[in-house]
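Reproduced below: target.json, with JSON, C-alpha atoms.
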[["chain", "number", "residue", "atom", "x", "y", "z"],
["Q", 2, "MET", "CA", -121.90, -52.89, -43.49],
["Q", 3, "ALA", "CA", -123.59, -52.61, -40.09],
["Q", 4, "VAL", "CA", -122.22, -53.41, -36.64],
["Q", 5, "ILE", "CA", -125.01, -54.36, -34.24],
["Q", 6, "VAL", "CA", -124.51, -54.31, -30.47],
["Q", 7, "PRO", "CA", -127.36, -55.48, -28.22],
["Q", 8, "ALA", "CA", -127.12, -53.97, -24.76],
["Q", 9, "ARG", "CA", -129.02, -54.00, -21.50],
["Q", 10, "ASN", "CA", -127.81, -52.12, -18.42],
["Q", 11, "SER", "CA", -124.34, -52.00, -19.93],
["Q", 12, "ALA", "CA", -123.32, -48.49, -18.90],
["Q", 13, "ALA", "CA", -120.18, -49.80, -17.21],
["Q", 14, "THR", "CA", -118.77, -51.43, -20.36],
["Q", 15, "ILE", "CA", -120.41, -50.17, -23.54],
["Q", 16, "GLY", "CA", -118.24, -47.06, -23.75],
["Q", 17, "ARG", "CA", -115.12, -49.19, -24.17],
["Q", 18, "THR", "CA", -116.90, -51.32, -26.76],
["Q", 19, "LEU", "CA", -117.86, -48.36, -28.91],
["Q", 20, "GLN", "CA", -114.46, -46.70, -28.54],
["Q", 21, "ALA", "CA", -112.83, -49.89, -29.78],
["Q", 22, "ILE", "CA", -115.14, -50.07, -32.81],
["Q", 23, "ALA", "CA", -114.48, -46.40, -33.60],
["Q", 24, "ALA", "CA", -110.73, -47.08, -33.54],
["Q", 25, "SER", "CA", -111.07, -49.67, -36.32],
["Q", 26, "ASP", "CA", -108.65, -49.51, -39.23],
["Q", 27, "PHE", "CA", -111.50, -50.39, -41.60],
["Q", 28, "GLU", "CA", -111.60, -47.72, -44.30],
["Q", 29, "GLY", "CA", -115.04, -48.47, -45.71],
["Q", 30, "ASP", "CA", -118.41, -47.12, -44.61],
["Q", 31, "TYR", "CA", -120.33, -48.83, -41.87],
["Q", 32, "GLU", "CA", -123.28, -48.11, -39.61],
["Q", 33, "LEU", "CA", -123.09, -48.62, -35.85],
["Q", 34, "VAL", "CA", -126.38, -49.71, -34.28],
["Q", 35, "VAL", "CA", -126.84, -50.16, -30.54],
["Q", 36, "VAL", "CA", -130.08, -51.78, -29.43],
["Q", 37, "ASP", "CA", -130.97, -50.67, -25.91],
["Q", 38, "ASP", "CA", -132.97, -53.62, -24.57],
["Q", 39, "GLY", "CA", -135.04, -51.82, -21.95],
["Q", 40, "SER", "CA", -132.08, -50.60, -19.90],
["Q", 41, "THR", "CA", -132.68, -48.85, -16.61],
["Q", 42, "ASP", "CA", -129.27, -47.17, -16.62],
["Q", 43, "ASP", "CA", -127.52, -44.76, -19.03],
["Q", 44, "THR", "CA", -126.66, -47.35, -21.69],
["Q", 45, "GLY", "CA", -128.59, -45.54, -24.46],
["Q", 46, "GLN", "CA", -127.24, -42.10, -23.63],
["Q", 47, "ILE", "CA", -123.65, -43.35, -23.56],
["Q", 48, "ALA", "CA", -124.14, -45.02, -26.94],
["Q", 49, "GLU", "CA", -125.52, -41.80, -28.42],
["Q", 50, "ARG", "CA", -122.54, -39.83, -27.13],
["Q", 51, "HIS", "CA", -120.29, -42.24, -29.03],
["Q", 52, "GLY", "CA", -122.14, -41.59, -32.27],
["Q", 53, "ALA", "CA", -124.13, -44.81, -32.45],
["Q", 54, "ARG", "CA", -127.62, -45.04, -33.79],
["Q", 55, "VAL", "CA", -129.65, -46.19, -30.79],
["Q", 56, "VAL", "CA", -132.75, -48.33, -31.12],
["Q", 57, "ARG", "CA", -134.68, -48.30, -27.84],
["Q", 58, "LEU", "CA", -136.93, -51.23, -26.99],
["Q", 59, "GLU", "CA", -139.78, -51.04, -24.50],
["Q", 60, "GLY", "CA", -139.25, -53.72, -21.90],
["Q", 61, "GLN", "CA", -136.72, -56.53, -22.07],
["Q", 62, "HIS", "CA", -136.72, -58.59, -25.27],
["Q", 63, "GLY", "CA", -133.50, -60.51, -24.67],
["Q", 64, "PRO", "CA", -130.42, -60.65, -26.93],
["Q", 65, "ALA", "CA", -132.28, -62.49, -29.71],
["Q", 66, "GLY", "CA", -135.01, -59.87, -29.91],
["Q", 67, "ALA", "CA", -132.47, -57.06, -29.61],
["Q", 68, "ARG", "CA", -130.38, -58.43, -32.48],
["Q", 69, "ASN", "CA", -133.48, -58.82, -34.63],
["Q", 70, "ALA", "CA", -134.40, -55.20, -33.89],
["Q", 71, "GLY", "CA", -130.91, -54.18, -34.95],
["Q", 72, "ILE", "CA", -131.21, -56.11, -38.19],
["Q", 73, "ALA", "CA", -134.57, -54.46, -38.89],
["Q", 74, "ALA", "CA", -133.11, -51.01, -38.22],
["Q", 75, "THR", "CA", -130.57, -51.21, -41.03],
["Q", 76, "SER", "CA", -130.59, -52.18, -44.69],
["Q", 77, "ALA", "CA", -126.90, -53.10, -44.77],
["Q", 78, "PRO", "CA", -126.15, -56.29, -46.73],
["Q", 79, "LEU", "CA", -123.45, -57.37, -44.25],
["Q", 80, "LEU", "CA", -124.11, -57.63, -40.51],
["Q", 81, "ALA", "CA", -121.51, -57.95, -37.75],
["Q", 82, "PHE", "CA", -122.40, -58.65, -34.13],
["Q", 83, "THR", "CA", -120.51, -58.14, -30.93],
["Q", 84, "ASP", "CA", -121.58, -57.63, -27.33],
["Q", 85, "ALA", "CA", -121.57, -54.65, -25.01],
["Q", 86, "ASP", "CA", -118.94, -56.26, -22.78],
["Q", 87, "CYS", "CA", -116.49, -56.84, -25.65],
["Q", 88, "THR", "CA", -113.73, -54.74, -27.24],
["Q", 89, "PRO", "CA", -112.98, -55.61, -30.87],
["Q", 90, "THR", "CA", -109.41, -55.09, -32.01],
["Q", 91, "ARG", "CA", -108.56, -52.50, -34.67],
["Q", 92, "GLN", "CA", -108.37, -55.10, -37.44],
["Q", 93, "TRP", "CA", -111.62, -56.86, -36.48],
["Q", 94, "LEU", "CA", -114.08, -55.13, -38.76],
["Q", 95, "GLY", "CA", -111.83, -55.16, -41.81],
["Q", 96, "ALA", "CA", -111.04, -58.83, -41.30],
["Q", 97, "VAL", "CA", -114.73, -59.65, -41.00],
["Q", 98, "VAL", "CA", -115.61, -57.80, -44.19],
["Q", 99, "ARG", "CA", -112.81, -59.50, -46.13],
["Q", 100, "ALA", "CA", -113.89, -62.92, -44.86],
["Q", 101, "LEU", "CA", -117.48, -62.28, -45.94],
["Q", 102, "GLY", "CA", -116.19, -61.86, -49.48],
["Q", 103, "ASP", "CA", -115.92, -65.65, -49.69],
["Q", 104, "ALA", "CA", -118.38, -66.72, -47.01],
["Q", 105, "ASP", "CA", -121.89, -66.18, -45.66],
["Q", 106, "LEU", "CA", -121.16, -66.70, -41.97],
["Q", 107, "VAL", "CA", -117.97, -65.60, -40.22],
["Q", 108, "SER", "CA", -116.78, -66.14, -36.67],
["Q", 109, "GLY", "CA", -113.51, -65.21, -35.04],
["Q", 110, "PRO", "CA", -111.52, -65.67, -31.83],
["Q", 111, "VAL", "CA", -112.61, -64.23, -28.51],
["Q", 112, "LEU", "CA", -110.08, -63.89, -25.70],
["Q", 113, "PRO", "CA", -110.17, -62.27, -22.25],
["Q", 114, "ASP", "CA", -109.12, -58.65, -21.98],
["Q", 115, "GLU", "CA", -105.38, -58.21, -22.33],
["Q", 116, "GLY", "CA", -103.55, -57.57, -19.10],
["Q", 117, "VAL", "CA", -106.50, -58.60, -16.93],
["Q", 118, "PRO", "CA", -105.82, -61.85, -15.03],
["Q", 119, "ALA", "CA", -108.80, -64.20, -14.98],
["Q", 120, "GLY", "CA", -109.23, -66.17, -11.78],
["Q", 121, "PRO", "CA", -110.58, -69.74, -11.71],
["Q", 122, "PHE", "CA", -114.14, -68.56, -11.04],
["Q", 123, "ASP", "CA", -114.26, -65.29, -12.98],
["Q", 124, "ARG", "CA", -116.67, -64.97, -15.88],
["Q", 125, "THR", "CA", -115.23, -64.28, -19.32],
["Q", 126, "LEU", "CA", -115.05, -65.96, -22.74],
["Q", 127, "ARG", "CA", -112.15, -67.76, -24.37],
["Q", 128, "LEU", "CA", -112.46, -69.07, -27.95],
["Q", 129, "ALA", "CA", -109.16, -69.55, -29.72],
["Q", 130, "ASP", "CA", -110.58, -71.71, -32.52],
["Q", 131, "ALA", "CA", -113.80, -72.15, -34.45],
["Q", 132, "SER", "CA", -116.73, -72.99, -32.19],
["Q", 133, "ASP", "CA", -119.85, -74.92, -33.12],
["Q", 134, "ARG", "CA", -121.85, -72.66, -30.81],
["Q", 135, "PHE", "CA", -121.52, -69.53, -32.98],
["Q", 136, "GLU", "CA", -121.06, -67.13, -30.08],
["Q", 137, "THR", "CA", -122.33, -63.69, -31.08],
["Q", 138, "ALA", "CA", -119.55, -61.95, -29.20],
["Q", 139, "ASN", "CA", -117.86, -62.26, -32.60],
["Q", 140, "LEU", "CA", -120.13, -63.23, -35.48],
["Q", 141, "ALA", "CA", -120.96, -61.80, -38.88],
["Q", 142, "VAL", "CA", -123.47, -62.87, -41.52],
["Q", 143, "ARG", "CA", -124.89, -61.85, -44.85],
["Q", 144, "ARG", "CA", -128.34, -60.29, -44.55],
["Q", 145, "THR", "CA", -129.74, -62.75, -47.08],
["Q", 146, "ILE", "CA", -128.82, -65.67, -44.82],
["Q", 147, "ALA", "CA", -130.18, -63.96, -41.70],
["Q", 148, "ALA", "CA", -133.46, -63.37, -43.51],
["Q", 149, "GLU", "CA", -133.63, -66.92, -44.83],
["Q", 150, "VAL", "CA", -133.38, -68.43, -41.34],
["Q", 151, "GLY", "CA", -135.78, -65.91, -39.82],
["Q", 152, "GLY", "CA", -133.26, -64.08, -37.67],
["Q", 153, "PHE", "CA", -132.58, -65.02, -34.07],
["Q", 154, "GLU", "CA", -135.17, -67.03, -32.17],
["Q", 155, "PRO", "CA", -135.17, -67.04, -28.35],
["Q", 156, "PHE", "CA", -134.43, -70.49, -26.97],
["Q", 157, "ALA", "CA", -137.39, -70.39, -24.61],
["Q", 158, "PRO", "CA", -140.04, -72.78, -23.27],
["Q", 159, "VAL", "CA", -142.66, -73.85, -25.80],
["Q", 160, "PRO", "CA", -146.15, -74.00, -24.23],
["Q", 161, "GLY", "CA", -147.62, -77.48, -24.36],
["Q", 162, "ARG", "CA", -144.33, -79.08, -25.46],
["Q", 163, "PRO", "CA", -142.59, -80.28, -22.27],
["Q", 164, "GLU", "CA", -140.87, -83.06, -24.23],
["Q", 165, "LEU", "CA", -138.64, -80.42, -25.83],
["Q", 166, "GLY", "CA", -136.80, -80.19, -22.54],
["Q", 167, "LEU", "CA", -135.76, -77.47, -20.14],
["Q", 168, "ARG", "CA", -135.37, -74.00, -21.62],
["Q", 169, "PRO", "CA", -134.84, -70.76, -19.71],
["Q", 170, "ARG", "CA", -137.70, -68.36, -19.10],
["Q", 171, "PRO", "CA", -136.96, -64.70, -19.86],
["Q", 172, "ASP", "CA", -136.29, -64.05, -16.16],
["Q", 173, "GLN", "CA", -133.72, -66.86, -16.10],
["Q", 174, "GLY", "CA", -131.44, -65.29, -18.70],
["Q", 175, "HIS", "CA", -130.78, -66.09, -22.34],
["Q", 176, "PHE", "CA", -129.27, -69.29, -23.67],
["Q", 177, "GLY", "CA", -128.55, -70.94, -27.00],
["Q", 178, "GLU", "CA", -130.15, -68.57, -29.49],
["Q", 179, "ASP", "CA", -126.83, -68.01, -31.27],
["Q", 180, "VAL", "CA", -126.25, -71.77, -31.54],
["Q", 181, "VAL", "CA", -129.62, -72.32, -33.19],
["Q", 182, "PHE", "CA", -129.07, -69.37, -35.52],
["Q", 183, "GLY", "CA", -125.66, -70.60, -36.67],
["Q", 184, "TRP", "CA", -126.78, -74.14, -37.37],
["Q", 185, "ARG", "CA", -129.91, -73.01, -39.18],
["Q", 186, "ALA", "CA", -127.64, -70.93, -41.39],
["Q", 187, "LEU", "CA", -125.43, -73.93, -42.14],
["Q", 188, "ARG", "CA", -128.47, -76.07, -42.89],
["Q", 189, "ALA", "CA", -129.58, -73.37, -45.32],
["Q", 190, "GLY", "CA", -126.29, -73.76, -47.18],
["Q", 191, "ALA", "CA", -124.28, -70.94, -45.64],
["Q", 192, "ARG", "CA", -120.54, -71.05, -46.26],
["Q", 193, "ARG", "CA", -118.69, -70.67, -42.99],
["Q", 194, "VAL", "CA", -115.24, -69.19, -42.37],
["Q", 195, "PHE", "CA", -113.25, -68.70, -39.18],
["Q", 196, "ALA", "CA", -111.33, -65.43, -39.49],
["Q", 197, "ARG", "CA", -108.43, -65.83, -37.08],
["Q", 198, "GLU", "CA", -107.31, -62.21, -37.45],
["Q", 199, "ALA", "CA", -110.78, -60.90, -36.48],
["Q", 200, "LEU", "CA", -110.00, -60.87, -32.76],
["Q", 201, "VAL", "CA", -112.38, -59.62, -30.08],
["Q", 202, "HIS", "CA", -111.58, -59.25, -26.39],
["Q", 203, "HIS", "CA", -114.15, -60.06, -23.72],
["Q", 204, "ALA", "CA", -114.33, -58.36, -20.33],
["Q", 205, "VAL", "CA", -113.36, -60.31, -17.21],
["Q", 206, "PHE", "CA", -115.99, -60.12, -14.48],
["Q", 207, "PRO", "CA", -114.92, -61.09, -10.96],
["Q", 208, "ARG", "CA", -116.90, -63.97, -9.53],
["Q", 209, "GLY", "CA", -116.47, -66.05, -6.41],
["Q", 210, "PRO", "CA", -116.84, -69.79, -5.82],
["Q", 211, "ARG", "CA", -120.54, -69.51, -4.99],
["Q", 212, "GLY", "CA", -121.38, -67.73, -8.24],
["Q", 213, "TYR", "CA", -119.37, -70.29, -10.20],
["Q", 214, "VAL", "CA", -121.21, -73.23, -8.65],
["Q", 215, "ILE", "CA", -124.61, -71.62, -9.21],
["Q", 216, "GLU", "CA", -123.75, -70.96, -12.86],
["Q", 217, "ARG", "CA", -123.05, -74.67, -13.43],
["Q", 218, "TRP", "CA", -126.72, -75.44, -12.82],
["Q", 219, "ARG", "CA", -127.44, -73.77, -16.17],
["Q", 220, "LEU", "CA", -125.97, -76.84, -17.87],
["Q", 221, "ARG", "CA", -129.45, -78.33, -17.50],
["Q", 222, "TYR", "CA", -130.44, -76.48, -20.68],
["Q", 223, "PHE", "CA", -127.86, -78.21, -22.87],
["Q", 224, "PRO", "CA", -129.77, -81.48, -23.48],
["Q", 225, "ALA", "CA", -132.70, -79.51, -24.90],
["Q", 226, "LEU", "CA", -130.27, -77.56, -27.08],
["Q", 227, "VAL", "CA", -128.77, -80.82, -28.36],
["Q", 228, "ARG", "CA", -132.28, -82.05, -29.10],
["Q", 229, "GLU", "CA", -132.82, -78.90, -31.18],
["Q", 230, "VAL", "CA", -129.35, -79.03, -32.77],
["Q", 231, "PRO", "CA", -128.19, -82.67, -32.87],
["Q", 232, "GLU", "CA", -125.20, -81.63, -34.97],
["Q", 233, "LEU", "CA", -123.57, -80.45, -31.73],
["Q", 234, "ARG", "CA", -122.83, -84.08, -30.89],
["Q", 235, "GLY", "CA", -120.23, -84.15, -33.65],
["Q", 236, "SER", "CA", -117.75, -82.24, -31.48],
["Q", 237, "MET", "CA", -118.63, -83.94, -28.19],
["Q", 238, "PRO", "CA", -116.41, -86.71, -26.78],
["Q", 239, "GLY", "CA", -118.14, -90.01, -27.45],
["Q", 240, "ARG", "CA", -121.11, -87.97, -28.70],
["Q", 241, "VAL", "CA", -122.63, -88.12, -25.20],
["Q", 242, "PHE", "CA", -120.29, -85.98, -23.07],
["Q", 243, "LEU", "CA", -120.68, -82.22, -23.12],
["Q", 244, "SER", "CA", -116.93, -81.62, -22.90],
["Q", 245, "ARG", "CA", -113.66, -83.32, -22.11],
["Q", 246, "ARG", "CA", -113.93, -81.92, -18.61],
["Q", 247, "THR", "CA", -117.33, -83.51, -17.97],
["Q", 248, "LEU", "CA", -115.97, -86.77, -19.39],
["Q", 249, "ARG", "CA", -113.00, -86.72, -17.01],
["Q", 250, "PHE", "CA", -115.23, -85.89, -14.05],
["Q", 251, "ASP", "CA", -117.72, -88.63, -14.85],
["Q", 252, "VAL", "CA", -114.91, -91.18, -15.19],
["Q", 253, "ALA", "CA", -113.48, -89.99, -11.86],
["Q", 254, "VAL", "CA", -116.85, -90.39, -10.14],
["Q", 255, "ALA", "CA", -117.31, -93.85, -11.65],
["Q", 256, "GLY", "CA", -113.79, -94.92, -10.65],
["Q", 257, "ILE", "CA", -114.14, -93.78, -7.06],
["Q", 258, "GLY", "CA", -117.61, -95.29, -6.81],
["Q", 259, "LEU", "CA", -116.39, -98.64, -8.12],
["Q", 260, "ALA", "CA", -113.34, -98.56, -5.87],
["Q", 261, "ILE", "CA", -115.61, -98.21, -2.85],
["Q", 262, "ALA", "CA", -118.31, -100.64, -4.00],
["Q", 263, "ARG", "CA", -115.89, -103.38, -5.03],
["Q", 264, "ARG", "CA", -113.24, -102.66, -2.41],
["Q", 265, "ARG", "CA", -110.63, -102.30, -5.11],
["Q", 266, "PRO", "CA", -108.68, -99.09, -4.35],
["Q", 267, "GLY", "CA", -106.82, -99.29, -7.63],
["Q", 268, "LEU", "CA", -109.95, -98.28, -9.53],
["Q", 269, "ALA", "CA", -109.68, -94.84, -7.94],
["Q", 270, "ALA", "CA", -106.78, -94.23, -10.34],
["Q", 271, "LEU", "CA", -109.46, -93.43, -12.93],
["Q", 272, "ALA", "CA", -109.73, -90.05, -11.19],
["Q", 273, "ILE", "CA", -106.11, -89.11, -11.94],
["Q", 274, "PRO", "CA", -106.78, -87.40, -15.33],
["Q", 275, "TYR", "CA", -109.46, -85.23, -13.72],
["Q", 276, "VAL", "CA", -107.24, -84.28, -10.79],
["Q", 277, "ARG", "CA", -104.29, -83.43, -13.04],
["Q", 278, "ARG", "CA", -106.19, -81.50, -15.71],
["Q", 279, "ASP", "CA", -109.06, -79.84, -13.87],
["Q", 280, "LEU", "CA", -108.02, -79.22, -10.28],
["Q", 281, "ARG", "CA", -105.38, -77.02, -8.69],
["Q", 282, "THR", "CA", -102.30, -79.17, -8.10],
["Q", 283, "TRP", "CA", -99.91, -76.51, -6.79],
["Q", 284, "ARG", "CA", -100.17, -76.05, -3.01],
["Q", 285, "PRO", "CA", -103.51, -77.91, -2.98],
["Q", 286, "PHE", "CA", -103.61, -78.30, 0.81],
["Q", 287, "THR", "CA", -103.38, -74.62, 1.65],
["Q", 288, "ARG", "CA", -106.59, -72.85, 2.58],
["Q", 289, "GLY", "CA", -106.81, -71.28, -0.88],
["Q", 290, "GLY", "CA", -106.15, -74.59, -2.59],
["Q", 291, "LEU", "CA", -108.79, -76.41, -0.56],
["Q", 292, "VAL", "CA", -111.40, -73.72, -1.23],
["Q", 293, "GLU", "CA", -110.61, -73.62, -4.94],
["Q", 294, "ASN", "CA", -110.62, -77.38, -5.44],
["Q", 295, "GLY", "CA", -113.69, -77.82, -3.27],
["Q", 296, "ALA", "CA", -115.61, -75.33, -5.39],
["Q", 297, "LEU", "CA", -114.38, -76.87, -8.63],
["Q", 298, "VAL", "CA", -115.44, -80.36, -7.58],
["Q", 299, "LEU", "CA", -118.78, -79.11, -6.26],
["Q", 300, "GLY", "CA", -119.33, -77.17, -9.49],
["Q", 301, "ASP", "CA", -118.67, -80.27, -11.57],
["Q", 302, "ALA", "CA", -121.02, -82.30, -9.37],
["Q", 303, "VAL", "CA", -123.72, -79.68, -9.80],
["Q", 304, "GLY", "CA", -123.02, -79.69, -13.53],
["Q", 305, "LEU", "CA", -123.46, -83.45, -13.70],
["Q", 306, "ALA", "CA", -126.73, -83.25, -11.77],
["Q", 307, "ALA", "CA", -127.90, -80.46, -14.07],
["Q", 308, "LEU", "CA", -127.11, -82.46, -17.19],
["Q", 309, "VAL", "CA", -128.91, -85.52, -15.84],
["Q", 310, "ARG", "CA", -131.92, -83.38, -14.95],
["Q", 311, "GLY", "CA", -131.95, -81.83, -18.40],
["Q", 312, "ALA", "CA", -131.37, -85.16, -20.14],
["Q", 313, "ILE", "CA", -134.42, -86.68, -18.45],
["Q", 314, "ALA", "CA", -136.60, -83.72, -19.41],
["Q", 315, "ALA", "CA", -135.39, -83.61, -23.04],
["Q", 316, "ARG", "CA", -135.15, -87.39, -23.39],
["Q", 317, "ARG", "CA", -131.64, -86.99, -24.76],
["Q", 318, "LEU", "CA", -128.55, -88.52, -23.15],
["Q", 319, "LEU", "CA", -125.92, -85.93, -22.34],
["Q", 320, "LEU", "CA", -123.39, -86.12, -19.50]]
What does this structure look like when you write it as structure tokens?
Amino acid sequence: MAVIVPARNSAATIGRTLQAIAASDFEGDYELVVVDDGSTDDTGQIAERHGARVVRLEGQHGPAGARNAGIAATSAPLLAFTDADCTPTRQWLGAVVRALGDADLVSGPVLPDEGVPAGPFDRTLRLADASDRFETANLAVRRTIAAEVGGFEPFAPVPGRPELGLRPRPDQGHFGEDVVFGWRALRAGARRVFAREALVHHAVFPRGPRGYVIERWRLRYFPALVREVPELRGSMPGRVFLSRRTLRFDVAVAGIGLAIARRRPGLAALAIPYVRRDLRTWRPFTRGGLVENGALVLGDAVGLAALVRGAIAARRLLL
């Protein structure tokens, strides 16, 4: 068994990650591999102090390249992945190994750090149930399957193929490589299991309204991802909406637009589900409420524009 942790400039968090793995109640043998993806801080040194085998990469290869380097650095038949901003629970590793006894691909829940309140704009990860995006904050796979699908492939622009849609350049951050990996594994016949007891906690990073709105522009990459992995539409509302939130927002925009165009105020009632489910309804007219709701609406508008932009580039409808 090998636990692989890709890391870049993660000195602030990787110590907690490795301490959590070391506290596992798993009684079998395992190898801990940290792949230092060209960090400019003390990530590698901290990992070494915690007893990890550190693979150092020259330059930045991204999470996909780092995970592949971790796979190549070990001969373990079972591979578990988590991230350098995560803290697996004590039962995580044992639960993953048991689940792999009857499966080839295992995912588990990811929840924000316990006792750390997450604000409306803070960055974290919350996955209570099985996800069709195969987030590598909590993913395990048999080596045979990883080899069969060719490991992780960066979801990056393909020269000369603009019809494939918008994909992030290396300087724009990573996106989607875990989704592609998971679905390639399923296409190859991998048996999938969601191990509910294999819980991982994800750090909560403070972020303001501006950062939240800017992040929503990254939704422009999703149409290209859906082009690559059309199976994702199976969990999308109406097969054309990215999420229930984007569906509610689009209906709200359509309702308000029709109410104005047709001079029928009643059509604005189509916005009620969005207001009730996605906006702050307690003390909404205070300064804090106005700022929060303004940023949420602006973020959803930016998200819609991003999806339209990406849909045009990828020639795939996604809203």
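Look at range 130-134 of chain Q: the protein and nucleic acid residues within 8 Å of it, using all atoms listed in the file and passing over chain neighbours fewer than 4 places away, are Q:Ser108, Q:Gly109, Q:Pro110, Q:Gly177, Q:Asp179, Q:Val180, Q:Gly183, Q:Phe195, Q:Arg197, Q:Leu233, Q:Ser236.
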Surrounding residues of Gly52 in chain Q excluding itself and chain neighbours under 5 positions, 12 Å, all atoms listed in the file, as a list in words
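With the cut-off at 12 Å, the set is Gly16, Leu19, Gln20, Ile22, Ala23, Glu32, Leu33, Val34, Val35, Gly45, Gln46 and Ile47 of chain Q.
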Discussion item. Env of Val56 in chain Q: 12 Å cut, atoms = all atoms listed in the file, seq-sep filter 3 positions within chain, self excluded. Answer as an NGL selection string.
Written reply: :Q and (5-9 or 33-40 or 44-46 or 48-49 or 53 or 59 or 66-75)
Output of the above residues as a compact mmCIF listing (two decimals), in the frame of the given file, restricted to C-alpha atoms:
# COMPACT_ATOMS: atom_id res chain seq x y z
CA ILE Q 5 -125.01 -54.36 -34.24
CA VAL Q 6 -124.51 -54.31 -30.47
CA PRO Q 7 -127.36 -55.48 -28.22
CA ALA Q 8 -127.12 -53.97 -24.76
CA ARG Q 9 -129.02 -54.00 -21.50
CA LEU Q 33 -123.09 -48.62 -35.85
CA VAL Q 34 -126.38 -49.71 -34.28
CA VAL Q 35 -126.84 -50.16 -30.54
CA VAL Q 36 -130.08 -51.78 -29.43
CA ASP Q 37 -130.97 -50.67 -25.91
CA ASP Q 38 -132.97 -53.62 -24.57
CA GLY Q 39 -135.04 -51.82 -21.95
CA SER Q 40 -132.08 -50.60 -19.90
CA THR Q 44 -126.66 -47.35 -21.69
CA GLY Q 45 -128.59 -45.54 -24.46
CA GLN Q 46 -127.24 -42.10 -23.63
CA ALA Q 48 -124.14 -45.02 -26.94
CA GLU Q 49 -125.52 -41.80 -28.42
CA ALA Q 53 -124.13 -44.81 -32.45
CA GLU Q 59 -139.78 -51.04 -24.50
CA GLY Q 66 -135.01 -59.87 -29.91
CA ALA Q 67 -132.47 -57.06 -29.61
CA ARG Q 68 -130.38 -58.43 -32.48
CA ASN Q 69 -133.48 -58.82 -34.63
CA ALA Q 70 -134.40 -55.20 -33.89
CA GLY Q 71 -130.91 -54.18 -34.95
CA ILE Q 72 -131.21 -56.11 -38.19
CA ALA Q 73 -134.57 -54.46 -38.89
CA ALA Q 74 -133.11 -51.01 -38.22
CA THR Q 75 -130.57 -51.21 -41.03
Could you build a table of the residues in range 197-243 of chain Q lying no more than 12 Å from range 102-107 of chain Q, giving for each the nearest pair of atoms and their separation in Å rounded to one decimal place, using all atoms listed in the file, ordered by chain and ascending residue number, as JSON lines?
{"residue": "Q:Arg197", "atom": "CA", "partner": "Q:Val107", "partner_atom": "CA", "distance": 10.0}
{"residue": "Q:Glu198", "atom": "CA", "partner": "Q:Val107", "partner_atom": "CA", "distance": 11.5}
{"residue": "Q:Ala199", "atom": "CA", "partner": "Q:Val107", "partner_atom": "CA", "distance": 9.4}
{"residue": "Q:Leu200", "atom": "CA", "partner": "Q:Val107", "partner_atom": "CA", "distance": 11.9}
*Contacts of Arg185 in chain Q within 12 Å, all atoms listed in the file, excl. fewer than 6 positions in-chain, as a ChimeraX atom specification*: /Q:106,133-135,146-154,178-179,191-192,229-232
As a check of understanding: the span from CA of Ala141 in chain Q to CA of Phe82 in chain Q is 5.9 Å
Item to complete: In the coordinates of the file, take the point (-132.6, -78.9, -24.2) and a cut-off of 12 Å; then, counting all atoms listed in the file, name each qualifying protein, DNA or RNA residue as a ChimeraX atom specification.
Response: /Q:156-159,162-169,176-178,181,219-231,233,307-319
Would you save the residues of that selection, restricted to C-alpha atoms, as a CSV table (one decimal), keeping the file's coordinate frame?
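Generated file (again05.csv):
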chain,number,residue,atom,x,y,z
Q,156,PHE,CA,-134.4,-70.5,-27.0
Q,157,ALA,CA,-137.4,-70.4,-24.6
Q,158,PRO,CA,-140.0,-72.8,-23.3
Q,159,VAL,CA,-142.7,-73.8,-25.8
Q,162,ARG,CA,-144.3,-79.1,-25.5
Q,163,PRO,CA,-142.6,-80.3,-22.3
Q,164,GLU,CA,-140.9,-83.1,-24.2
Q,165,LEU,CA,-138.6,-80.4,-25.8
Q,166,GLY,CA,-136.8,-80.2,-22.5
Q,167,LEU,CA,-135.8,-77.5,-20.1
Q,168,ARG,CA,-135.4,-74.0,-21.6
Q,169,PRO,CA,-134.8,-70.8,-19.7
Q,176,PHE,CA,-129.3,-69.3,-23.7
Q,177,GLY,CA,-128.6,-70.9,-27.0
Q,178,GLU,CA,-130.2,-68.6,-29.5
Q,181,VAL,CA,-129.6,-72.3,-33.2
Q,219,ARG,CA,-127.4,-73.8,-16.2
Q,220,LEU,CA,-126.0,-76.8,-17.9
Q,221,ARG,CA,-129.4,-78.3,-17.5
Q,222,TYR,CA,-130.4,-76.5,-20.7
Q,223,PHE,CA,-127.9,-78.2,-22.9
Q,224,PRO,CA,-129.8,-81.5,-23.5
Q,225,ALA,CA,-132.7,-79.5,-24.9
Q,226,LEU,CA,-130.3,-77.6,-27.1
Q,227,VAL,CA,-128.8,-80.8,-28.4
Q,228,ARG,CA,-132.3,-82.0,-29.1
Q,229,GLU,CA,-132.8,-78.9,-31.2
Q,230,VAL,CA,-129.4,-79.0,-32.8
Q,231,PRO,CA,-128.2,-82.7,-32.9
Q,233,LEU,CA,-123.6,-80.4,-31.7
Q,307,ALA,CA,-127.9,-80.5,-14.1
Q,308,LEU,CA,-127.1,-82.5,-17.2
Q,309,VAL,CA,-128.9,-85.5,-15.8
Q,310,ARG,CA,-131.9,-83.4,-15.0
Q,311,GLY,CA,-132.0,-81.8,-18.4
Q,312,ALA,CA,-131.4,-85.2,-20.1
Q,313,ILE,CA,-134.4,-86.7,-18.4
Q,314,ALA,CA,-136.6,-83.7,-19.4
Q,315,ALA,CA,-135.4,-83.6,-23.0
Q,316,ARG,CA,-135.2,-87.4,-23.4
Q,317,ARG,CA,-131.6,-87.0,-24.8
Q,318,LEU,CA,-128.6,-88.5,-23.2
Q,319,LEU,CA,-125.9,-85.9,-22.3
CA of Thr137 in chain Q and CA of Asp26 in chain Q, how far apart in Å?
->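 Computing the Euclidean distance for CA of Asp26 in chain Q and CA of Thr137 in chain Q yields 21.3 Å.
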